[in-house]
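Reproduced below: start_9.txt, with compact mmCIF, C-alpha atoms.
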# COMPACT_ATOMS: atom_id res chain seq x y z
CA MET A 186 -34.33 -20.97 8.96
CA ALA A 187 -33.97 -17.39 7.93
CA THR A 188 -30.68 -16.50 6.32
CA PHE A 189 -28.68 -13.31 6.18
CA GLN A 190 -25.84 -11.97 4.12
CA PHE A 191 -22.40 -12.74 5.46
CA GLU A 192 -19.16 -11.28 4.21
CA VAL A 193 -15.53 -11.52 5.26
CA VAL A 194 -13.18 -8.97 3.74
CA THR A 195 -9.48 -8.31 4.16
CA GLN A 196 -7.69 -5.32 2.77
CA GLU A 197 -6.70 -7.27 -0.28
CA ARG A 198 -9.81 -9.22 -1.18
CA THR A 199 -13.21 -10.56 -0.28
CA VAL A 200 -12.70 -13.97 1.33
CA VAL A 201 -16.33 -15.02 1.64
CA LEU A 202 -19.64 -13.68 0.43
CA ALA A 203 -22.55 -15.99 1.21
CA ASP A 204 -26.06 -16.33 2.61
CA VAL A 205 -25.90 -18.17 5.90
CA GLU A 206 -28.11 -19.09 8.85
CA HIS A 207 -25.56 -18.85 11.58
CA VAL A 208 -22.11 -17.41 12.22
CA LEU A 209 -19.93 -18.19 15.22
CA LEU A 210 -17.34 -15.51 15.91
CA PRO A 211 -14.28 -15.32 18.18
CA GLY A 212 -15.10 -12.29 20.33
CA GLU A 213 -12.66 -10.81 22.82
CA ASP A 214 -14.70 -12.19 25.72
CA GLY A 215 -15.27 -15.57 24.10
CA LYS A 216 -17.20 -17.00 21.20
CA PHE A 217 -20.59 -15.70 20.26
CA GLY A 218 -23.12 -16.64 17.61
CA VAL A 219 -25.18 -14.45 15.33
CA LEU A 220 -28.50 -15.41 13.72
CA ALA A 221 -30.60 -13.59 11.16
CA GLY A 222 -32.38 -10.49 12.42
CA HIS A 223 -29.82 -9.61 15.05
CA LEU A 224 -29.89 -6.06 16.30
CA PRO A 225 -27.19 -3.72 14.96
CA ILE A 226 -23.97 -4.77 16.64
CA MET A 227 -20.26 -4.03 16.40
CA ALA A 228 -17.69 -6.20 18.06
CA ALA A 229 -13.94 -6.49 18.37
CA LEU A 230 -12.68 -9.91 17.27
CA THR A 231 -9.62 -11.76 18.38
CA ILE A 232 -7.43 -14.44 16.82
CA GLY A 233 -9.54 -17.56 16.53
CA VAL A 234 -11.82 -19.79 14.52
CA LEU A 235 -14.79 -18.36 12.70
CA GLU A 236 -17.54 -20.81 11.66
CA PHE A 237 -20.41 -20.17 9.32
CA GLY A 238 -23.10 -22.01 7.41
CA PRO A 239 -26.42 -23.70 8.13
CA LEU A 240 -27.43 -24.16 11.76
CA GLN A 241 -27.33 -27.90 11.30
CA GLY A 242 -25.02 -29.71 8.95
CA LYS A 243 -21.77 -28.95 7.20
CA ARG A 244 -20.16 -25.69 8.28
CA ARG A 245 -17.12 -23.96 6.92
CA LYS A 246 -14.27 -22.57 8.95
CA ILE A 247 -11.98 -19.59 8.71
CA ALA A 248 -8.74 -18.93 10.57
CA LEU A 249 -9.24 -15.32 11.62
CA GLY A 250 -6.32 -13.11 12.59
CA GLY A 251 -8.44 -10.69 14.58
CA GLY A 252 -10.41 -7.73 13.37
CA PHE A 253 -13.81 -6.23 13.70
CA MET A 254 -17.41 -7.14 12.85
CA GLU A 255 -20.48 -5.09 12.11
CA MET A 256 -24.05 -6.31 11.65
CA ASN A 257 -26.75 -4.01 10.39
CA ASN A 258 -29.83 -4.53 8.20
CA ASN A 259 -29.38 -8.30 8.24
CA ARG A 260 -25.92 -7.98 6.78
CA LEU A 261 -22.86 -9.08 8.69
CA THR A 262 -19.46 -7.83 7.63
CA VAL A 263 -16.22 -8.98 9.17
CA MET A 264 -13.26 -6.72 8.48
CA ALA A 265 -10.33 -8.96 9.19
CA ASN A 266 -6.62 -8.39 9.68
CA THR A 267 -6.12 -11.75 8.03
CA ALA A 268 -8.59 -14.47 7.09
CA GLU A 269 -8.05 -17.84 5.48
CA LEU A 270 -10.62 -20.44 4.56
CA ALA A 271 -9.75 -23.84 5.99
CA GLU A 272 -9.37 -25.41 2.54
CA ASN A 273 -6.96 -22.67 1.43
CA ILE A 274 -4.52 -22.94 4.31
CA ASP A 275 -1.00 -23.90 3.36
CA VAL A 276 -0.23 -26.45 6.08
CA LEU A 277 3.46 -26.62 5.28
CA ARG A 278 3.87 -22.88 5.56
CA ALA A 279 1.90 -22.78 8.78
CA ARG A 280 4.12 -25.49 10.25
CA GLN A 281 7.25 -23.58 9.24
CA ALA A 282 5.86 -20.41 10.77
CA LYS A 283 5.14 -22.31 13.97
CA GLU A 284 8.68 -23.66 14.18
CA ARG A 285 10.17 -20.28 13.45
CA ALA A 286 8.09 -18.65 16.17
CA GLU A 287 8.97 -21.38 18.67
CA GLN A 288 12.67 -20.95 18.00
CA ARG A 289 12.40 -17.23 18.52
CA ILE A 290 10.62 -17.64 21.80
CA ALA A 291 13.06 -20.31 22.99
CA GLY A 292 16.09 -18.24 21.93
CA GLN A 293 15.18 -15.34 24.26
CA LYS A 294 17.51 -12.99 22.48
CA ALA A 295 17.37 -9.33 23.37
CA ASP A 296 16.58 -8.16 19.85
CA VAL A 297 13.57 -10.44 19.49
CA ASP A 298 10.18 -8.87 19.93
CA PHE A 299 8.77 -11.41 22.34
CA SER A 300 5.12 -10.44 22.18
CA ARG A 301 5.22 -10.42 18.41
CA ALA A 302 6.74 -13.89 18.29
CA LYS A 303 4.03 -15.15 20.62
CA LEU A 304 1.39 -13.64 18.39
CA ALA A 305 2.91 -15.33 15.35
CA LEU A 306 2.91 -18.65 17.19
CA ARG A 307 -0.74 -18.25 18.11
CA LYS A 308 -1.68 -17.55 14.50
CA ALA A 309 0.33 -20.49 13.20
CA LEU A 310 -1.24 -22.88 15.73
CA LEU A 311 -4.68 -21.63 14.82
CA ARG A 312 -4.08 -22.15 11.11
CA LEU A 313 -2.90 -25.71 11.77
CA GLU A 314 -5.90 -26.41 13.96
CA VAL A 315 -8.39 -25.11 11.41
CA ALA A 316 -6.72 -26.93 8.53
CA ASN A 317 -6.53 -30.24 10.37
CA ASN A 318 -10.19 -30.21 11.35
CA GLU A 319 -11.17 -29.87 7.74
CA MET B 132 34.27 13.70 -44.18
CA ALA B 133 34.45 9.92 -44.06
CA GLU B 134 35.55 10.11 -40.46
CA SER B 135 32.58 12.15 -39.34
CA SER B 136 30.01 10.03 -41.18
CA ARG B 137 31.34 6.95 -39.41
CA GLU B 138 30.97 8.81 -36.15
CA ILE B 139 27.39 9.74 -36.93
CA LYS B 140 26.65 6.13 -37.72
CA ARG B 141 28.02 5.06 -34.36
CA ARG B 142 25.89 7.61 -32.58
CA ILE B 143 22.80 6.40 -34.39
CA ALA B 144 23.53 2.84 -33.30
CA SER B 145 24.04 3.88 -29.70
CA ILE B 146 20.84 5.93 -29.55
CA THR B 147 18.90 3.12 -31.17
CA SER B 148 19.95 0.68 -28.48
CA THR B 149 19.05 3.20 -25.78
CA GLN B 150 15.69 3.61 -27.42
CA GLN B 151 15.13 -0.11 -27.31
CA ILE B 152 15.84 -0.13 -23.58
CA THR B 153 13.54 2.78 -22.79
CA LYS B 154 10.86 1.20 -24.95
CA ALA B 155 11.14 -2.05 -23.02
CA MET B 156 11.03 -0.22 -19.69
CA GLU B 157 7.95 1.63 -20.82
CA MET B 158 6.19 -1.61 -21.63
CA VAL B 159 7.21 -3.26 -18.37
CA ALA B 160 5.89 -0.27 -16.42
CA ALA B 161 2.66 -0.33 -18.41
CA ALA B 162 2.09 -4.01 -17.66
CA LYS B 163 2.76 -3.56 -13.93
CA LEU B 164 0.64 -0.44 -13.87
CA ARG B 165 -2.43 -2.33 -15.00
CA LYS B 166 -2.20 -4.59 -11.99
CA ALA B 167 -1.40 -1.78 -9.58
CA GLN B 168 -4.38 0.19 -10.84
CA GLU B 169 -6.67 -2.72 -10.10
CA THR B 170 -5.32 -2.96 -6.55
CA VAL B 171 -5.96 0.72 -5.96
CA VAL B 172 -9.56 0.38 -7.07
CA ASN B 173 -10.06 -2.71 -4.88
CA THR B 174 -8.61 -1.06 -1.77
CA ARG B 175 -10.60 2.14 -1.78
CA PRO B 176 -14.00 0.65 -0.72
CA TYR B 177 -12.47 -1.23 2.22
CA TYR B 178 -10.91 1.94 3.53
CA GLU B 179 -14.18 3.84 3.21
CA ARG B 180 -16.03 1.14 5.07
CA ILE B 181 -13.59 1.19 7.97
CA ALA B 182 -13.83 4.96 8.10
CA THR B 183 -17.65 4.81 8.13
CA SER B 184 -17.67 2.23 10.93
CA LEU B 185 -15.19 4.29 12.89
CA ASN B 186 -17.44 7.28 12.49
CA THR B 187 -20.41 5.31 13.77
CA VAL B 188 -18.49 4.24 16.86
CA LEU B 189 -17.26 7.75 17.59
CA ASP B 190 -20.83 8.93 17.23
CA GLY B 191 -21.93 6.24 19.65
CA VAL B 192 -19.35 7.42 22.16
CA LYS B 193 -20.60 10.96 21.87
CA GLN B 194 -24.24 9.95 22.30
CA GLY B 195 -23.47 7.74 25.25
CA GLY B 196 -21.54 10.56 26.89
CA GLU B 197 -18.60 8.27 27.44
CA GLU B 198 -14.98 9.27 27.34
CA LEU B 199 -12.82 8.25 24.40
CA PRO B 200 -9.98 5.83 25.11
CA GLU B 201 -6.62 7.51 25.26
CA ILE B 202 -5.58 6.29 21.84
CA ALA B 203 -8.50 8.10 20.19
CA GLN B 204 -8.05 11.42 21.94
CA ALA B 205 -6.46 14.43 20.32
CA ARG B 206 -3.26 15.52 22.05
CA GLU B 207 -2.02 18.94 22.99
CA GLY B 208 1.58 18.56 21.81
CA GLU B 209 3.08 19.71 18.55
CA GLY B 210 5.18 16.66 17.73
CA HIS B 211 4.57 15.43 14.20
CA CYS B 212 5.29 12.17 12.49
CA LEU B 213 5.61 12.20 8.72
CA LEU B 214 5.40 8.94 6.82
CA VAL B 215 7.12 9.57 3.48
CA LEU B 216 6.39 7.16 0.63
CA THR B 217 8.86 7.14 -2.23
CA SER B 218 10.03 4.49 -4.68
CA ASP B 219 13.11 2.29 -4.49
CA ARG B 220 14.07 2.89 -8.09
CA GLY B 221 14.50 6.00 -10.14
CA LEU B 222 13.89 6.72 -13.81
CA ALA B 223 10.39 7.86 -13.02
CA GLY B 224 10.60 11.47 -14.11
CA GLY B 225 9.94 14.01 -11.39
CA TYR B 226 8.05 11.55 -9.20
CA ASN B 227 10.42 11.23 -6.24
CA ALA B 228 11.67 14.79 -6.47
CA ALA B 229 8.12 16.09 -6.09
CA ILE B 230 7.58 14.06 -2.91
CA ILE B 231 10.93 14.97 -1.36
CA ARG B 232 10.31 18.64 -2.07
CA GLU B 233 7.00 18.41 -0.21
CA ALA B 234 8.69 16.58 2.68
CA GLU B 235 11.31 19.31 2.98
CA ALA B 236 8.58 21.94 3.05
CA PHE B 237 6.80 20.00 5.80
CA LEU B 238 9.99 19.80 7.85
CA ARG B 239 10.52 23.54 7.53
CA LYS B 240 6.95 24.21 8.59
CA TYR B 241 6.99 21.79 11.53
CA PRO B 242 10.55 21.53 12.85
CA LYS B 243 9.43 19.06 15.53
CA THR B 244 8.88 16.25 13.05
CA ASP B 245 10.04 12.66 13.17
CA MET B 246 10.08 10.81 9.88
CA VAL B 247 9.31 7.25 8.94
CA ILE B 248 10.59 6.54 5.48
CA VAL B 249 9.53 4.14 2.77
CA GLY B 250 11.64 3.76 -0.35
CA ARG B 251 15.31 4.02 -1.06
CA LYS B 252 15.01 7.39 -2.80
CA ALA B 253 13.85 9.32 0.25
CA ARG B 254 16.18 7.38 2.53
CA ASP B 255 19.27 8.17 0.46
CA HIS B 256 18.24 11.78 0.12
CA PHE B 257 17.76 12.38 3.83
CA ARG B 258 20.78 10.34 4.77
CA ARG B 259 22.97 12.55 2.60
CA ARG B 260 21.62 15.56 4.44
CA GLY B 261 22.37 14.03 7.80
CA GLN B 262 18.69 14.01 8.67
CA THR B 263 17.66 11.33 11.16
CA PHE B 264 14.49 9.31 10.96
CA LEU B 265 12.68 6.83 13.17
CA ALA B 266 12.40 3.91 10.80
CA GLU B 267 12.97 2.99 7.18
CA PHE B 268 11.39 0.43 4.88
CA VAL B 269 13.15 -0.35 1.62
CA ASN B 270 12.96 -3.06 -1.06
CA MET B 271 9.20 -3.13 -0.96
CA GLY B 272 8.80 -4.69 -4.39
CA ASP B 273 6.19 -3.88 -6.99
CA ASN B 274 3.15 -5.36 -5.28
CA PRO B 275 2.39 -3.67 -1.99
CA SER B 276 0.74 -6.17 0.34
CA ALA B 277 -1.62 -5.68 3.24
CA ARG B 278 1.12 -7.23 5.33
CA GLN B 279 3.47 -4.35 4.52
CA GLY B 280 0.75 -1.89 5.45
CA GLN B 281 0.31 -3.70 8.75
CA ASP B 282 4.02 -3.76 9.52
CA ILE B 283 4.51 -0.07 8.84
CA GLY B 284 1.24 0.84 10.55
CA GLN B 285 2.18 -1.17 13.61
CA VAL B 286 5.53 0.55 13.97
CA ILE B 287 3.86 3.95 13.82
CA MET B 288 1.09 2.84 16.18
CA ASP B 289 3.66 1.66 18.75
CA PHE B 290 5.56 4.95 18.61
CA TYR B 291 2.30 6.85 18.84
CA ALA B 292 1.09 4.84 21.81
CA HIS B 293 4.38 5.59 23.56
CA GLY B 294 3.83 9.28 22.98
CA LEU B 295 6.77 9.96 20.66
CA PHE B 296 4.61 12.32 18.66
CA ASP B 297 1.08 13.71 18.69
CA LYS B 298 0.06 13.77 15.05
CA VAL B 299 0.67 11.42 12.14
CA THR B 300 0.61 12.50 8.51
CA ILE B 301 1.14 10.36 5.43
CA LEU B 302 2.89 11.96 2.47
CA TYR B 303 2.17 10.06 -0.73
CA THR B 304 0.88 10.53 -4.24
CA LYS B 305 -2.76 10.01 -4.99
CA PHE B 306 -3.25 8.11 -8.20
CA ILE B 307 -5.61 9.95 -10.52
CA ASN B 308 -4.91 8.41 -13.90
CA THR B 309 -1.95 7.00 -15.79
CA VAL B 310 -0.53 10.44 -16.54
CA THR B 311 -1.57 12.33 -13.40
CA TYR B 312 -0.85 11.95 -9.73
CA GLU B 313 -1.27 14.38 -6.89
CA VAL B 314 1.19 14.83 -4.04
CA THR B 315 -1.00 14.50 -0.97
CA LEU B 316 -0.63 15.06 2.76
CA ARG B 317 -3.15 13.09 4.74
CA GLU B 318 -3.50 13.35 8.49
CA VAL B 319 -4.40 9.96 9.93
CA LEU B 320 -3.85 10.33 13.67
CA PRO B 321 -5.35 11.48 15.96
CA ILE B 322 -8.50 9.90 14.74
CA THR B 323 -10.99 12.70 15.33
CA ASP B 324 -9.55 15.17 12.88
CA GLN B 325 -10.13 13.62 9.51
CA LEU B 326 -13.48 11.88 9.75
CA LYS B 327 -15.64 14.96 9.52
CA ASP B 328 -15.84 14.79 5.75
CA ILE B 329 -17.23 11.25 5.65
CA LYS B 330 -20.87 11.58 4.74
CA LYS B 331 -23.58 9.85 6.71
CA ASP B 332 -26.55 8.43 4.84
CA GLY B 333 -29.60 8.63 7.05
CA PRO B 334 -29.79 8.28 10.80
CA ILE B 335 -27.29 5.93 12.38
CA PRO B 336 -28.98 3.01 14.12
CA ILE B 337 -28.22 2.33 17.76
CA TYR B 338 -25.57 -0.32 17.94
CA ILE B 339 -24.68 -2.84 20.57
CA PHE B 340 -20.93 -2.81 21.27
CA GLU B 341 -19.28 -6.05 22.24
CA PRO B 342 -17.44 -6.36 24.64
CA SER B 343 -17.42 -2.56 25.08
CA ILE B 344 -17.34 0.53 22.99
CA ASN B 345 -13.73 1.17 23.95
CA ALA B 346 -12.67 -2.36 23.04
CA VAL B 347 -14.26 -1.91 19.63
CA LEU B 348 -12.42 1.37 19.17
CA GLU B 349 -9.15 -0.17 20.22
CA ALA B 350 -9.58 -2.88 17.59
CA LEU B 351 -10.74 -0.47 14.95
CA ILE B 352 -8.12 2.25 15.22
CA PRO B 353 -5.09 0.08 14.38
CA LEU B 354 -7.08 -1.50 11.56
CA TYR B 355 -7.89 1.97 10.30
CA LEU B 356 -4.25 3.03 10.40
CA HIS B 357 -3.02 -0.16 8.70
CA THR B 358 -5.58 0.30 5.96
CA ALA B 359 -4.69 3.96 5.47
CA VAL B 360 -1.01 3.01 5.11
CA TYR B 361 -1.78 0.12 2.78
CA GLN B 362 -4.01 2.27 0.63
CA ALA B 363 -1.35 4.97 0.44
CA LEU B 364 1.19 2.30 -0.58
CA THR B 365 -1.00 1.08 -3.43
CA GLU B 366 -1.75 4.61 -4.63
CA ALA B 367 1.93 5.51 -4.49
CA LYS B 368 2.92 2.40 -6.43
CA ALA B 369 0.40 3.07 -9.19
CA SER B 370 1.53 6.70 -9.41
CA GLU B 371 5.17 5.66 -9.56
CA LEU B 372 4.57 3.18 -12.37
CA GLY B 373 2.50 5.75 -14.26
CA ALA B 374 5.26 8.32 -13.87
CA ARG B 375 7.87 5.82 -15.03
CA MET B 376 5.81 4.78 -18.02
CA ASN B 377 5.46 8.39 -19.11
CA ALA B 378 9.11 9.25 -18.49
CA MET B 379 10.14 6.26 -20.58
CA ARG B 380 7.68 7.08 -23.33
CA ASN B 381 9.11 10.61 -23.53
CA ALA B 382 12.63 9.20 -23.64
CA THR B 383 11.66 6.83 -26.44
CA ASP B 384 10.06 9.65 -28.41
CA ASN B 385 13.09 11.88 -27.92
CA ALA B 386 15.40 9.12 -29.09
CA GLY B 387 13.25 8.70 -32.20
CA GLU B 388 13.55 12.40 -33.01
CA LEU B 389 17.30 12.36 -32.47
CA ILE B 390 17.73 9.36 -34.72
CA GLN B 391 15.74 11.04 -37.45
CA GLU B 392 17.86 14.16 -37.28
CA LEU B 393 21.11 12.19 -37.26
CA ASN B 394 19.96 10.13 -40.25
CA LEU B 395 19.40 13.32 -42.15
CA THR B 396 22.84 14.63 -41.25
CA TYR B 397 24.37 11.28 -42.14
CA ASN B 398 22.73 11.16 -45.58
CA ARG B 399 23.72 14.71 -46.25
CA ALA B 400 27.34 13.93 -45.41
CA ARG B 401 27.28 10.80 -47.55
CA GLN B 402 25.89 12.72 -50.49
CA ALA B 403 28.47 15.47 -50.11
CA GLN B 404 31.15 12.80 -50.15
CA ILE B 405 29.82 11.24 -53.36
CA THR B 406 29.52 14.63 -55.04
CA LYS B 407 33.05 15.41 -54.07
CA GLU B 408 34.33 12.11 -55.47
CA ILE B 409 32.52 12.62 -58.77
CA ALA B 410 33.96 16.13 -59.04
CA GLU B 411 37.42 14.70 -58.46
CA ILE B 412 37.00 12.00 -61.12
CA VAL B 413 35.65 14.48 -63.62
CA GLY B 414 38.47 16.84 -62.79
CA GLY B 415 41.03 14.04 -63.26
CA ALA B 416 39.55 12.99 -66.62
CA ASP B 417 39.60 16.59 -67.79
CA ALA B 418 43.24 16.87 -66.86
CA LEU B 419 44.13 13.72 -68.84
CA GLN B 420 42.32 14.88 -71.99
CA SER B 421 43.93 18.29 -72.19

With the file now loaded, output its structure as C-alpha cells.
Amino acid sequence: MATFQFEVVTQERTVVLADVEHVLLPGEDGKFGVLAGHLPIMAALTIGVLEFGPLQGKRRKIALGGGFMEMNNNRLTVMANTAELAENIDVLRARQAKERAEQRIAGQKADVDFSRAKLALRKALLRLEVANNE
Amino acid sequence: MAESSREIKRRIASITSTQQITKAMEMVAAAKLRKAQETVVNTRPYYERIATSLNTVLDGVKQGGEELPEIAQAREGEGHCLLVLTSDRGLAGGYNAAIIREAEAFLRKYPKTDMVIVGRKARDHFRRRGQTFLAEFVNMGDNPSARQGQDIGQVIMDFYAHGLFDKVTILYTKFINTVTYEVTLREVLPITDQLKDIKKDGPIPIYIFEPSINAVLEALIPLYLHTAVYQALTEAKASELGARMNAMRNATDNAGELIQELNLTYNRARQAQITKEIAEIVGGADALQS
C-alpha cells in the first residue's frame, strides 16, 4: 500500500511524524478515513480518537482534543488543540480530571461554567478510553 | 579617621553582598532565558502554518462566492480590546514601564477600549489608577503553556462573540535577541485585517472542506487566536528574562565599580591614619630627647 506523510502538531510540540497508509479522524460529522493520494482537503475535527498506521495490523491511537486537519501533496497535518498518544496518557490524572468534572456538573453551582465542565468530562473520558484500549 | 574607615568597610561589605545577589539573579535569568528562547523558536512555525491555512480557507470562501460566518466578518463598531502582557515580577529594567507606557498611549488614542491584563505589574498599575478591566491573569509562572494561551484566548473569544468589542489587539514585546525586544501591537481580530502580509507560494489548490467551509473556519479561528496569544506569551517571557538578565548584569557591574572606588578610599584613609600615627610617634620621641 502507498504511504503518505502524517503529522500531528500541537502548539508546544510535534506529537507524531510518521509515514502511514491510513488515518482515521474524528470529523464533526463522524469519523472519516484518509488514504494516500487524497485530494486536498481541510476539515474541522472534534474531540475523539484518532487512529493511524498500516491498513491492516497494529495501529496507534491518539486522544485528540479537537482541532483542524489539512491534506495537500500527500502530506496530512493535524493541528490539534491537544493530542496525546495512547501510551503517554497519565491514567491517574485522567481519572482525577473525570471525577473533578463530574463533581462540578453534579454540584450545579451558579459560578460553575457548565458547558466547560462538560467539555472537560468528555476529554477525560476519551483519554481513559484510549488509554484502556492500549 | 578610624570611625570613617570602619564605615567604609561596612559599606563595602554591604555592596558586596548585593552584588552577589544581583549576580545570582543574572545567572538564574540567563538559564531560564535559554529555555524560553527555545520555546519561542518552536512556536513560530506553528503560528505561521495556522495563518497560512486560514488564508487558504478565506481564499476559498472568496472564490466560492460564499458569505463569511459572522465570527470572521469585520465589524463596524469602534470598540477595542487590548490584551496587555506584562510580567509578574519586577527588577527587569524598563521592561514593564515600556509596555505600560504603550498601553496608556493606546487608551488615549482609543478611549473605547476594554483591557484584558496579564501580569501583576500591569494589573497593579491600572488598579492604582482606578482603571477597570475585563479580566486579569496573574501568577503565570516562567513557562508559558499552550493551556494558558487557550484559557486567555477563550475568554477573549467569548467576549468577542458576545459583541463586547469589535477589534482585538495584543500588546506584547517581540523577542529579537537577548538584549533587544520590541514593544509590539498586533491586531488579531477581526481575522481579515492581518493576513494580507502572509505570502502565498504558487497557486492555491482547490480544497475540499469537511463538513463545510464555515465549520472549518469556526474551528480554525479560535485555534488561530489561541496560538497568537500563546506565541505572544512566549515572546513576552523571553523578552522579560532577557531584560532582567541585562538589568542584573548592569547592577553587578555597577556594584563592582563602586566597590573598587570604596576600596581606594578605604586604603587612602588607612594610609593617612598610619602616616599620622608615625608622625605622632616621631614627634613624641623628639620631645623626649630635647

Practice task
Find the residue from A:Arg307, A:Lys243, A:Val201, A:Met254 that sits nearest to Glu287 (chain A); use all atoms listed in the file when measuring.
Solution key: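 The shortest atom-to-atom distance to Glu287 (chain A) comes from A:Arg307.
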
Exercise for the section: Hey, list the chain A side of the contact with chain B: 12 Å cut-off, all atoms listed in the file, answer as a PyMOL selection string. Expected result: chain A and resi 193-199+210-217+223-232+250-258+262-268+301

Problem - CA of Asn394 (chain B) to CA of Ile146 (chain B), distance in Å rounded to a single decimal - result: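 Value for the CA of Asn394 (chain B)-CA of Ile146 (chain B) distance: 11.5 Å.
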
Practice task
Measuring atom to atom with all atoms listed in the file, identify which of A:Met186, A:Ala203, A:Ala221, A:Ala305 is nearest to Ala279 (chain A).
Solution key: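 Ranking A:Met186, A:Ala203, A:Ala221, A:Ala305 by distance to Ala279 (chain A), first place goes to A:Ala305.
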
Problem - Pick from B:Ile143, B:Lys193, B:Thr396, B:Thr309, whichever lies nearest to Ala378 (chain B) using only C-alpha atoms - result: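 Among B:Ile143, B:Lys193, B:Thr396, B:Thr309, it is B:Thr309 that comes nearest to Ala378 (chain B).
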
Problem - Non-local contacts of Phe296 (chain B) (9 Å; only C-alpha atoms; under 3 positions in same chain excluded) as a PyMOL selection string - result: chain B and resi 208-212+243-245+290-293+299

Handout entry: Val269 (chain B) surroundings by all atoms listed in the file, 12 Å radius, close-in-sequence under 3 positions cut, as a list of chain:residue names
Key =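 Counting only the stated atoms, we get B:Val215, B:Leu216, B:Thr217, B:Ser218, B:Asp219, B:Arg220, B:Val247, B:Ile248, B:Val249, B:Gly250, B:Arg251, B:Lys252, B:Ala253, B:Arg254, B:Asp255, B:Ala266, B:Gly272, B:Asp273, B:Pro275, B:Gln279, B:Ile283.
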
Problem - Pick from A:Gly222, A:Ile290, A:Gln241, A:Leu313, whichever lies nearest to Leu277 (chain A) using only C-alpha atoms - result: A:Leu313

Handout entry: Long-range neighbours of Gly225 (chain B) as a list of chain:residue names, 12 Å cut-off, all atoms listed in the file, 6 positions minimum in chain
Key =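 After dropping sequence-adjacent residues, the list is B:Thr217, B:Ser218, B:Ile231, B:Arg232, B:Lys252, B:Thr311, B:Tyr312, B:Val314, B:Ser370, B:Glu371, B:Gly373, B:Ala374, B:Arg375, B:Asn377, B:Ala378.
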
Handout entry: Interatomic distance (Å, one decimal) between CA of Asn259 (chain A) and CA of Leu240 (chain A)
Key =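 Computing the Euclidean distance for CA of Asn259 (chain A) and CA of Leu240 (chain A) yields 16.4 Å.
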
Box for region 218-231 of chain A - axis-aligned, 6 Å on each of the six sides, all listed atoms - centre and size in Å to one decimal, as JSON.
{"center_x": -21.0, "center_y": -10.2, "center_z": 14.8, "size_x": 34.8, "size_y": 24.9, "size_z": 19.2}

Exercise for the section: For CA of Gly261 (chain B) and CA of Ala234 (chain B), quote the distance in Å rounded to one decimal. Expected result: 14.8 Å

Problem - A:Val315, A:Val200, A:Ala187, A:Val208 ranked by distance to Leu261 (chain A), top pick (using all atoms listed in the file) - result: A:Val208

Would you list the residues near (14.5, 0.3, -30.9), meaning any protein, DNA or RNA residue with an atom at most 12 Å from that point in file coordinates, counting all atoms listed in the file, as a PDB file with C-alpha atoms, in the frame of the given file?
ATOM      1  CA  ILE B 143      22.800   6.400 -34.390  1.00  0.00           C
ATOM      2  CA  ALA B 144      23.530   2.840 -33.300  1.00  0.00           C
ATOM      3  CA  SER B 145      24.040   3.880 -29.700  1.00  0.00           C
ATOM      4  CA  ILE B 146      20.840   5.930 -29.550  1.00  0.00           C
ATOM      5  CA  THR B 147      18.900   3.120 -31.170  1.00  0.00           C
ATOM      6  CA  SER B 148      19.950   0.680 -28.480  1.00  0.00           C
ATOM      7  CA  THR B 149      19.050   3.200 -25.780  1.00  0.00           C
ATOM      8  CA  GLN B 150      15.690   3.610 -27.420  1.00  0.00           C
ATOM      9  CA  GLN B 151      15.130  -0.110 -27.310  1.00  0.00           C
ATOM     10  CA  ILE B 152      15.840  -0.130 -23.580  1.00  0.00           C
ATOM     11  CA  THR B 153      13.540   2.780 -22.790  1.00  0.00           C
ATOM     12  CA  LYS B 154      10.860   1.200 -24.950  1.00  0.00           C
ATOM     13  CA  ALA B 155      11.140  -2.050 -23.020  1.00  0.00           C
ATOM     14  CA  MET B 156      11.030  -0.220 -19.690  1.00  0.00           C
ATOM     15  CA  ALA B 382      12.630   9.200 -23.640  1.00  0.00           C
ATOM     16  CA  THR B 383      11.660   6.830 -26.440  1.00  0.00           C
ATOM     17  CA  ASP B 384      10.060   9.650 -28.410  1.00  0.00           C
ATOM     18  CA  ALA B 386      15.400   9.120 -29.090  1.00  0.00           C
ATOM     19  CA  GLY B 387      13.250   8.700 -32.200  1.00  0.00           C
ATOM     20  CA  ILE B 390      17.730   9.360 -34.720  1.00  0.00           C
TER      21      ILE B 390
END

Handout entry: Thr188 (chain A) environment, 7 Å, all atoms listed in the file, sequence neighbours closer than 3 positions dropped, as a ChimeraX atom specification
Key = /A:204-206,221
